Amino acid sequence: MADSTSTSTDSIAALTAVGLRDALAGGELSAVESTEHFLSVIEAQNKHLGAFITVTADQALEDARAADHRYACGRREDLPLLHGMPVAFKDLTDVAGVPTTHGSAALEHKPAPEDGALAATLKTQGVISLGKTQVPEFGLTAYSENRVAPPSRNPHSLARSSGGSSGGSAAAVAAGMVPFAPGTDGGGSIRIPAGACGLVGLKPGRGLVPSGASAGDAAKLVVAGPLAHTAADAALLLDALVPEQDRPDGGYLANVDRAPEPMRIGMSLDSPWSRIYPFHIEPEAMDALELGRSLLEKAGHSVHEADVRYDNRYPEAFTAAWTAGVGSARIAPRREALLTPLTRTFRRRAQQRSAAKVNEALRFLRGFEHDTVAQYSQWDLILMPTLAQTPRPIGWFTGGGHSSGQWPSEWTGDADEDYKRQCEYAPWSSMVNVCGLPAISIPVHTTEGGLPMGIQLIGRMGAELQLLQLAAALEAV
């Protein structure tokens, strides 16, 4: 095992997640050395970025020392897949002994008694948790701003949001605070921050990654997946998330550099939100789409215009399903006033909505899934921009301002206008969760102002490897 001074900070920062995993597994780098490096980056940068709500440095170093002890006493072939790899969990995920705030000042922030399913899975694979990252309240929004901690800012432009709900995790990865991170996605919450922060963000198909029970997700929208700099790094994390029997032969990482067969790709700007919220697509989003199309064609795939028709009842049904969980959240009446206006508004409406109405919405969404998947099946993949607009300024959705770097004491703006702006910003996200299909955001373009812009590819069920292979192919092009 290398001593703690053998590998420079610069050389650790230059490693991909795959390279770091190999260095840890090969003994060129100790888990303590790696952990100390990433904790130092967090200490230097988090005060500017607001990516972390909680940093668990002492526990991380204790876990790193234990990992190094296991390494010294065991055999390399017995190491878990992600031995000693630092990660962070978004603050909707329970990590034993650490408070889960859910981004809400209305909750009492007590330490979680045990790991949630996602943390338990990755700890079994050898990861070391460095802390909990910033999220919107209850994960409801496409931006990570709340009343608990300063907003999560975009490393490419500190005045702009890193997206949501995995916004703190995306900012942490983009800024080099962790090599990669798991996110969760119930309506775009991996792909939106990946697009905003210039990362590869994969939403796996429904059921591929074990998620544990979730009474607040009757529509089965939420899945866990990787946020990473490269397709290979995302593939490595997906290998750790997916049970071995459900991975492709050899795993995702072993196959990620194989070129997929030429595919017929349908390009569409149609959205199920366009009737209720007609949205403007900024030129930068179209630039990313056209560049993505060109890169895909250079890689040997054919891209054609696709006409997709969505049922006009979708917005009401999705909103009912999306907000049902917040209606049943246990919040003391005296603390209700601490909720943000959007959460408070949608919680009240959810509580007033009858069970029959919720069930009607769920039935509609299952029919919507069947119809939309049938339309998509004319193509191998569906292509669109990840986001319709460049990353939004901090406070833009809420009508408030966070230029001081602090969270607001009072939130201005209207909850319905806030929600409308989110749907206009990310109009191509939520229907993928309803359909249960895999999708990936791939960074392909940088604006003149230095902001990343990406494309989204939606695959057929089981197409996670194809999507990662395409991301790898576009990186190569």
# chains A, B, ... in the order shown; residues from 1 in each chain; ligands from 1
$ residues_around --residues "range 352-355 of chain A" --least-positions-apart "5" --cutoff "10 Å" --atoms "only C-alpha atoms" --output "PyMOL selection string"
chain A and resi 320+324+327+346-347+360-361
$ write_last_selection --atoms "N, CA and C atoms" --output "mmCIF file, in the first residue's frame"
data_model
loop_
_atom_site.group_PDB
_atom_site.id
_atom_site.type_symbol
_atom_site.label_atom_id
_atom_site.label_comp_id
_atom_site.auth_asym_id
_atom_site.auth_seq_id
_atom_site.Cartn_x
_atom_site.Cartn_y
_atom_site.Cartn_z
ATOM 1 N N ALA A 320 -50.733 15.035 -10.167
ATOM 2 C CA ALA A 320 -51.415 14.352 -9.067
ATOM 3 C C ALA A 320 -50.558 13.213 -8.519
ATOM 4 N N ALA A 324 -48.422 13.307 -4.764
ATOM 5 C CA ALA A 324 -49.222 12.547 -3.802
ATOM 6 C C ALA A 324 -48.446 12.285 -2.518
ATOM 7 N N GLY A 327 -48.307 14.978 0.240
ATOM 8 C CA GLY A 327 -49.543 15.134 0.999
ATOM 9 C C GLY A 327 -49.577 14.268 2.238
ATOM 10 N N PHE A 346 -48.698 22.429 -3.000
ATOM 11 C CA PHE A 346 -48.977 21.103 -3.544
ATOM 12 C C PHE A 346 -49.329 20.103 -2.442
ATOM 13 N N ARG A 347 -48.856 20.320 -1.233
ATOM 14 C CA ARG A 347 -49.262 19.467 -0.111
ATOM 15 C C ARG A 347 -50.743 19.672 0.202
ATOM 16 N N GLU A 360 -57.500 7.368 -10.316
ATOM 17 C CA GLU A 360 -57.849 7.699 -11.705
ATOM 18 C C GLU A 360 -56.618 8.208 -12.451
ATOM 19 N N ALA A 361 -55.811 9.050 -11.784
ATOM 20 C CA ALA A 361 -54.580 9.549 -12.403
ATOM 21 C C ALA A 361 -53.609 8.415 -12.677
#
$ select_by_dssp --residues "range 70-192 of chain A" --states "strand (DSSP E)" --output "MDAnalysis selection string"
chainID A and resid 86:90 128:133 153:154 157:161 181:185
$ atom_distance --atom1 "CA of Ser161 in chain A" --atom2 "CA of Glu290 in chain A"
24.4 Å
$ residues_around --residues "Trp396 in chain A" --least-positions-apart "5" --cutoff "9 Å" --atoms "only C-alpha atoms" --output "PDB file with all heavy atoms, in the first residue's frame"
ATOM      1  N   ARG A 160     -25.707  30.499 -11.341  1.00  0.00           N
ATOM      2  CA  ARG A 160     -26.756  29.648 -11.909  1.00  0.00           C
ATOM      3  C   ARG A 160     -26.932  28.373 -11.088  1.00  0.00           C
ATOM      4  O   ARG A 160     -26.044  27.942 -10.361  1.00  0.00           O
ATOM      5  CB  ARG A 160     -26.452  29.316 -13.375  1.00  0.00           C
ATOM      6  CG  ARG A 160     -26.475  30.573 -14.244  1.00  0.00           C
ATOM      7  CD  ARG A 160     -26.210  30.266 -15.697  1.00  0.00           C
ATOM      8  NE  ARG A 160     -26.149  31.490 -16.478  1.00  0.00           N
ATOM      9  CZ  ARG A 160     -27.065  31.859 -17.375  1.00  0.00           C
ATOM     10  NH1 ARG A 160     -28.117  31.091 -17.596  1.00  0.00           N
ATOM     11  NH2 ARG A 160     -26.927  32.992 -18.044  1.00  0.00           N
ATOM     12  N   SER A 161     -28.092  27.765 -11.268  1.00  0.00           N
ATOM     13  CA  SER A 161     -28.459  26.567 -10.526  1.00  0.00           C
ATOM     14  C   SER A 161     -27.792  25.331 -11.124  1.00  0.00           C
ATOM     15  O   SER A 161     -27.563  25.243 -12.331  1.00  0.00           O
ATOM     16  CB  SER A 161     -29.983  26.390 -10.563  1.00  0.00           C
ATOM     17  OG  SER A 161     -30.361  25.127 -10.046  1.00  0.00           O
ATOM     18  N   GLY A 401     -34.181  35.869  -4.657  1.00  0.00           N
ATOM     19  CA  GLY A 401     -32.781  36.093  -4.991  1.00  0.00           C
ATOM     20  C   GLY A 401     -31.877  35.477  -3.949  1.00  0.00           C
ATOM     21  O   GLY A 401     -32.153  35.550  -2.764  1.00  0.00           O
ATOM     22  N   ASP A 418     -43.865  28.990 -10.435  1.00  0.00           N
ATOM     23  CA  ASP A 418     -42.661  28.200 -10.190  1.00  0.00           C
ATOM     24  C   ASP A 418     -42.747  26.862 -10.945  1.00  0.00           C
ATOM     25  O   ASP A 418     -41.836  26.477 -11.693  1.00  0.00           O
ATOM     26  CB  ASP A 418     -42.551  27.979  -8.670  1.00  0.00           C
ATOM     27  CG  ASP A 418     -41.346  27.175  -8.227  1.00  0.00           C
ATOM     28  OD1 ASP A 418     -40.758  26.435  -9.034  1.00  0.00           O
ATOM     29  OD2 ASP A 418     -40.986  27.262  -7.035  1.00  0.00           O
ATOM     30  N   ARG A 421     -42.557  27.259 -14.735  1.00  0.00           N
ATOM     31  CA  ARG A 421     -41.196  27.505 -15.211  1.00  0.00           C
ATOM     32  C   ARG A 421     -40.372  26.213 -15.247  1.00  0.00           C
ATOM     33  O   ARG A 421     -39.569  26.006 -16.163  1.00  0.00           O
ATOM     34  CB  ARG A 421     -40.516  28.547 -14.322  1.00  0.00           C
ATOM     35  CG  ARG A 421     -41.071  29.940 -14.486  1.00  0.00           C
ATOM     36  CD  ARG A 421     -40.277  30.968 -13.681  1.00  0.00           C
ATOM     37  NE  ARG A 421     -40.767  32.325 -13.935  1.00  0.00           N
ATOM     38  CZ  ARG A 421     -40.116  33.428 -13.602  1.00  0.00           C
ATOM     39  NH1 ARG A 421     -38.940  33.337 -12.992  1.00  0.00           N
ATOM     40  NH2 ARG A 421     -40.621  34.608 -13.869  1.00  0.00           N
TER      41      ARG A 421
END
$ residues_around --residues "range 83-85 of chain A" --least-positions-apart "3" --cutoff "8 Å" --atoms "only C-alpha atoms" --output "count of residues only"
16
$ closest_residue --among "A:Met461, A:Ala232, A:Ala51, A:Ala374" --to "Pro150 in chain A" --atoms "only C-alpha atoms"
A:Ala51
$ residues_around --residues "range 263-276 of chain A" --least-positions-apart "6" --cutoff "10 Å" --atoms "only C-alpha atoms" --output "count of residues only"
47
$ residues_around --residues "Val477 in chain A" --least-positions-apart "2" --cutoff "12 Å" --atoms "only C-alpha atoms" --output "compact mmCIF listing (two decimals) with C-alpha atoms, in the first residue's frame"
# COMPACT_ATOMS: atom_id res chain seq x y z
CA ALA A 259 -19.80 0.26 -30.66
CA LEU A 291 -24.55 18.95 -32.78
CA GLY A 292 -25.80 15.77 -31.14
CA SER A 294 -24.37 15.39 -36.34
CA LEU A 295 -22.25 13.36 -33.91
CA LEU A 296 -24.70 10.47 -33.95
CA GLU A 297 -24.70 10.43 -37.74
CA LYS A 298 -20.88 10.52 -37.79
CA ALA A 299 -20.97 7.51 -35.48
CA GLY A 300 -22.99 5.61 -38.09
CA VAL A 444 -22.26 17.66 -26.30
CA LEU A 470 -23.58 5.76 -27.45
CA ALA A 471 -22.32 8.20 -24.82
CA ALA A 472 -18.87 6.61 -25.10
CA ALA A 473 -19.01 6.81 -28.89
CA LEU A 474 -19.90 10.51 -28.78
CA GLU A 475 -17.03 11.13 -26.37
$ atom_distance --atom1 "CA of Lys357 in chain A" --atom2 "CA of Phe318 in chain A"
11.9 Å
$ residues_around --residues "range 237-246 of chain A" --least-positions-apart "5" --cutoff "12 Å" --atoms "only C-alpha atoms" --output "ChimeraX atom specification"
/A:17-18,21,80-83,85-87,117-127,179-184,200-211,223-232,251-256,462,464-465,468
$ closest_residue --among "A:Leu387, A:Ala321, A:Ala350, A:Val432" --to "Leu362 in chain A" --atoms "only C-alpha atoms"
A:Ala321
$ select_by_dssp --residues "range 255-344 of chain A" --states "helix (DSSP H, G or I)" --output "PyMOL selection string"
chain A and resi 255+283-298+314-328+333-338+341-344
$ atom_distance --atom1 "CA of Pro283 in chain A" --atom2 "CA of Asp416 in chain A"
25.9 Å
$ closest_residue --among "A:Thr345, A:Ser169, A:Gly27, A:Arg460" --to "Ala72 in chain A" --atoms "only C-alpha atoms"
A:Gly27
$ closest_residue --among "A:Pro262, A:Leu130, A:Ser189, A:Gln422" --to "His37 in chain A" --atoms "only C-alpha atoms"
A:Leu130
